[in-house]
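**Student:** A single structure is presented below for examination.
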Amino acid sequence: VFIVSRQCYRPLVARKWCPSVPVRQEGIAVSLQKPAIMPEVVLRVDMACSGCSGAVERVLKKMPGVESYDISLEQQKVVVRGDVTPQAVLQTVSKTGKKTELMQ
């Protein structure tokens with residue numbers, strides 16, 4: 001049980017979770033925001049059509065840890081953001097049968 005500041009619904013109410021304000025624990029403010037910069041993995045993927053990019057999108061949607069991704073058919077590039085390792089993303093996208101390599 002944490003004590004939250006007066007910005008919540010009732011003054012100094014003991015709550016387990018209040019998303020609108022930072023939690024104070026032993027006088028130290030704890031930020032509830034995620035870090036501004038998420039790790040990025042950039043891949044070059046040979047995609048010829050929208051079906052190819054759709055196949056890449058389907059496997060990325062199912063991958064745990066992926067927060068967001070950008071697929072560029074014109075640049076043959078896929079950018080994946082989230083709590084993932086480059087090798088795991090490379091292995092997952094390679095399952096589509098497209099030639100895939102890391103760009104960084």
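Within each chain, counting starts at residue 1; across the structure tokens, chains are named A, B, ... in the order shown, with ligands numbered 1 upward in that order.
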Within 9 Å of region 85-96 of chain A, counting only C-alpha atoms, which residues qualify if same-chain residues fewer than 2 places away don't, as a ChimeraX atom specification?

**Tutor:** /A:39-43,45,52,55-57,59-60,63,80,82-83,98-102

**Student:** Have a look at CA of Gly97 (chain A) and CA of Val66 (chain A) and let me know their distance in Å, one decimal.

**Tutor:**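 Spanning CA of Gly97 (chain A) to CA of Val66 (chain A) is a straight-line distance of 20.2 Å.
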